[in-house]
Amino acid sequence: MSLDSAEAATHVQLGVANGRPNVVLNMVESVDGRVTVDGRVGALTSHDDQGLLYALREQADAVIVGAATVRAEGYGRLLPGEHRRRRVAGGRDPEPLLCVLSRERGLPPGAPATAGAHRLVVATGASGATLEELPGVEYLRYATPDNSTPLAELLADLHDRFGVRTCVCEGGPEVAREFIDAGLCGEIFLSISPRVVGAAGRVGVFAPVVRERDLELRSLLTSDGHVFLRYAVA
């Protein structure tokens with residue numbers, strides 16, 4: 001597979017919603033269903049997997065991800081130079097907005113995500129007394145009994161307040177489950193890494209989904225043993 005091929009370009013081409021933002025889920029897992037190796041996702045990815053990820057992020061108005069994933073992976077920079085230049089040439093910000101979902105812990109002061117070129121929004125059900133504000137970070141706060149973020153309301157606010165029309169959700173597993181169960185995810189991009197990880201990894205891309213969902217396979221790519229799947233969620 002060549003990332004410059006028409007097949008790869010079609011595989012990652014996203015649609016734009018007119019109302020509520022279009023949400024696609026992008027995740028990677030091993031053959032035995034593990035989503036991390038020793039707490040990180042890096043060992044499961046490949047050069048082409050990263051290229052497809054950047055192609056999705058380049059199109060997105062917002063990247064949505066859980067705080068635990070951001071703490072583990074950094075998220076200091078969302079796109080490399082050529083993707084940033086294309087966005088700027090198209091009259092857009094260099095990087096999509098980063099929306100972090102957090103119940104209580106949030107992000108530590110000085111976290112890489114707080115120093116990036118992207119706009120950073122933390123969405124939470126926690127009060128300011130529970131989750132204090134960091135300088136340079138914008139907050140969307142919702143009054144919920146378990147400090148969770150009501151996803152439909154979040155998407156409406158991202159659209160109305162920040163002009164977001166397309167979102168790429170990158171998990172982790174609990175966040176993926178919440179979007180699937182809420183019926184708010186239109187497509188799933190799933191990369192299968194040619195590894196059996198075993199006990200060194202965390203189980204479950206969807207941890208666990210409560211409601212049954214039918215999927216329609218839209219496209220499939222392979223590269224160096226990795227399989228890249230694109231599904232529509234019925």
# chains A, B, ... in the order shown; residues from 1 in each chain; ligands from 1

$ select_by_dssp --residues "stretch 74-131 of chain A" --states "strand (DSSP E)" --output "ChimeraX atom specification"
/A:97-101,120-124

$ select_by_dssp --residues "stretch 43-198 of chain A" --states "helix (DSSP H, G or I)" --output "MDAnalysis selection string"
chainID A and resid 43:44 47:59 67:73 81:89 112:115 151:162 173:181 198

$ closest_residue --among "A:Val35, A:Val24, A:Val205, A:Val210" --to "A:Val233" --atoms "only C-alpha atoms"
A:Val24

$ atom_distance --atom1 "atom CA of A:Glu58" --atom2 "atom CA of A:Arg87"
7.0 Å

$ closest_residue --among "A:Asn26, A:Ser5, A:Thr149, A:Asn18" --to "A:Tyr231" --atoms "only C-alpha atoms"
A:Asn26

$ residues_around --residues "stretch 43-51 of chain A" --least-positions-apart "3" --cutoff "12 Å" --atoms "only C-alpha atoms" --output "PyMOL selection string"
chain A and resi 1-4+8-9+12+26-40+54-58+78-80+82-83+189-197+200-202+221-229

$ closest_atom_pairs --of "stretch 48-72 of chain A" --to "stretch 166-186 of chain A" --cutoff "9 Å" --atoms "only C-alpha atoms" --output "tab-separated table"
residue	atom	partner	partner_atom	distance
A:Leu56	CA	A:Val168	CA	7.1
A:Arg57	CA	A:Val168	CA	6.7
A:Gln59	CA	A:Thr166	CA	7.6
A:Ala60	CA	A:Thr166	CA	5.1
A:Asp61	CA	A:Thr166	CA	5.3
A:Ala62	CA	A:Cys167	CA	4.8
A:Val63	CA	A:Val168	CA	4.9
A:Ile64	CA	A:Cys169	CA	4.5
A:Val65	CA	A:Gly171	CA	5.3
A:Gly66	CA	A:Gly172	CA	6.0
A:Ala67	CA	A:Gly172	CA	8.8
A:Ala68	CA	A:Gly172	CA	7.6
A:Thr69	CA	A:Gly172	CA	6.0

$ write_last_selection --atoms "N, CA, C and O atoms" --output "PDB file, in the first residue's frame"
ATOM      1  N   LEU A  56      -6.348  11.483   8.691  1.00  0.00           N
ATOM      2  CA  LEU A  56      -7.634  11.714   9.347  1.00  0.00           C
ATOM      3  C   LEU A  56      -7.598  12.999  10.167  1.00  0.00           C
ATOM      4  O   LEU A  56      -8.511  13.823  10.102  1.00  0.00           O
ATOM      5  N   ARG A  57      -6.529  13.181  10.944  1.00  0.00           N
ATOM      6  CA  ARG A  57      -6.426  14.399  11.764  1.00  0.00           C
ATOM      7  C   ARG A  57      -6.383  15.654  10.904  1.00  0.00           C
ATOM      8  O   ARG A  57      -6.924  16.692  11.291  1.00  0.00           O
ATOM      9  N   GLN A  59      -7.942  16.329   8.262  1.00  0.00           N
ATOM     10  CA  GLN A  59      -9.290  16.704   7.845  1.00  0.00           C
ATOM     11  C   GLN A  59     -10.167  17.176   9.006  1.00  0.00           C
ATOM     12  O   GLN A  59     -11.172  17.852   8.798  1.00  0.00           O
ATOM     13  N   ALA A  60      -9.801  16.787  10.229  1.00  0.00           N
ATOM     14  CA  ALA A  60     -10.677  17.005  11.384  1.00  0.00           C
ATOM     15  C   ALA A  60     -10.658  18.450  11.857  1.00  0.00           C
ATOM     16  O   ALA A  60      -9.641  19.147  11.784  1.00  0.00           O
ATOM     17  N   ASP A  61     -11.802  18.877  12.380  1.00  0.00           N
ATOM     18  CA  ASP A  61     -11.867  20.135  13.110  1.00  0.00           C
ATOM     19  C   ASP A  61     -11.494  19.930  14.573  1.00  0.00           C
ATOM     20  O   ASP A  61     -11.046  20.867  15.237  1.00  0.00           O
ATOM     21  N   ALA A  62     -11.714  18.707  15.083  1.00  0.00           N
ATOM     22  CA  ALA A  62     -11.393  18.407  16.479  1.00  0.00           C
ATOM     23  C   ALA A  62     -10.967  16.952  16.609  1.00  0.00           C
ATOM     24  O   ALA A  62     -11.487  16.072  15.921  1.00  0.00           O
ATOM     25  N   VAL A  63     -10.008  16.727  17.484  1.00  0.00           N
ATOM     26  CA  VAL A  63      -9.617  15.382  17.917  1.00  0.00           C
ATOM     27  C   VAL A  63     -10.119  15.217  19.345  1.00  0.00           C
ATOM     28  O   VAL A  63      -9.825  16.051  20.212  1.00  0.00           O
ATOM     29  N   ILE A  64     -10.901  14.168  19.589  1.00  0.00           N
ATOM     30  CA  ILE A  64     -11.464  13.909  20.910  1.00  0.00           C
ATOM     31  C   ILE A  64     -10.759  12.698  21.506  1.00  0.00           C
ATOM     32  O   ILE A  64     -10.648  11.650  20.856  1.00  0.00           O
ATOM     33  N   VAL A  65     -10.323  12.830  22.755  1.00  0.00           N
ATOM     34  CA  VAL A  65      -9.573  11.736  23.380  1.00  0.00           C
ATOM     35  C   VAL A  65      -9.706  11.840  24.891  1.00  0.00           C
ATOM     36  O   VAL A  65      -9.885  12.927  25.449  1.00  0.00           O
ATOM     37  N   GLY A  66      -9.646  10.712  25.561  1.00  0.00           N
ATOM     38  CA  GLY A  66      -9.724  10.691  27.011  1.00  0.00           C
ATOM     39  C   GLY A  66      -8.449  11.182  27.668  1.00  0.00           C
ATOM     40  O   GLY A  66      -7.350  11.059  27.117  1.00  0.00           O
ATOM     41  N   ALA A  67      -8.587  11.717  28.873  1.00  0.00           N
ATOM     42  CA  ALA A  67      -7.433  12.295  29.573  1.00  0.00           C
ATOM     43  C   ALA A  67      -6.363  11.259  29.871  1.00  0.00           C
ATOM     44  O   ALA A  67      -5.168  11.564  29.817  1.00  0.00           O
ATOM     45  N   ALA A  68      -6.752  10.026  30.184  1.00  0.00           N
ATOM     46  CA  ALA A  68      -5.757   8.994  30.486  1.00  0.00           C
ATOM     47  C   ALA A  68      -4.877   8.718  29.276  1.00  0.00           C
ATOM     48  O   ALA A  68      -3.656   8.527  29.403  1.00  0.00           O
ATOM     49  N   THR A  69      -5.476   8.700  28.091  1.00  0.00           N
ATOM     50  CA  THR A  69      -4.699   8.495  26.874  1.00  0.00           C
ATOM     51  C   THR A  69      -3.764   9.659  26.618  1.00  0.00           C
ATOM     52  O   THR A  69      -2.606   9.479  26.232  1.00  0.00           O
TER      53      THR A  69
END

$ closest_atom_pairs --of "stretch 18-109 of chain A" --to "stretch 153-158 of chain A" --cutoff "9 Å" --atoms "only C-alpha atoms" --output "tab-separated table"
residue	atom	partner	partner_atom	distance
A:Gly19	CA	A:Ala156	CA	8.6
A:Arg20	CA	A:Ala156	CA	6.1
A:Pro21	CA	A:Leu155	CA	6.3
A:Val23	CA	A:Leu155	CA	9.0
A:Ala62	CA	A:Leu158	CA	8.4
A:Cys99	CA	A:Leu158	CA	9.0

$ residues_around --residues "stretch 109-124 of chain A" --least-positions-apart "2" --cutoff "8 Å" --atoms "only C-alpha atoms" --output "JSON, numbers by chain"
{"A": [70, 71, 74, 75, 76, 77, 78, 93, 94, 95, 96, 97, 98, 99, 100, 101, 102, 103, 104, 106, 107, 126, 134, 136, 137, 138, 139, 140, 141, 142, 147, 148, 149, 154]}

$ atom_distance --atom1 "atom CA of A:Gly15" --atom2 "atom CA of A:Glu73"
27.4 Å
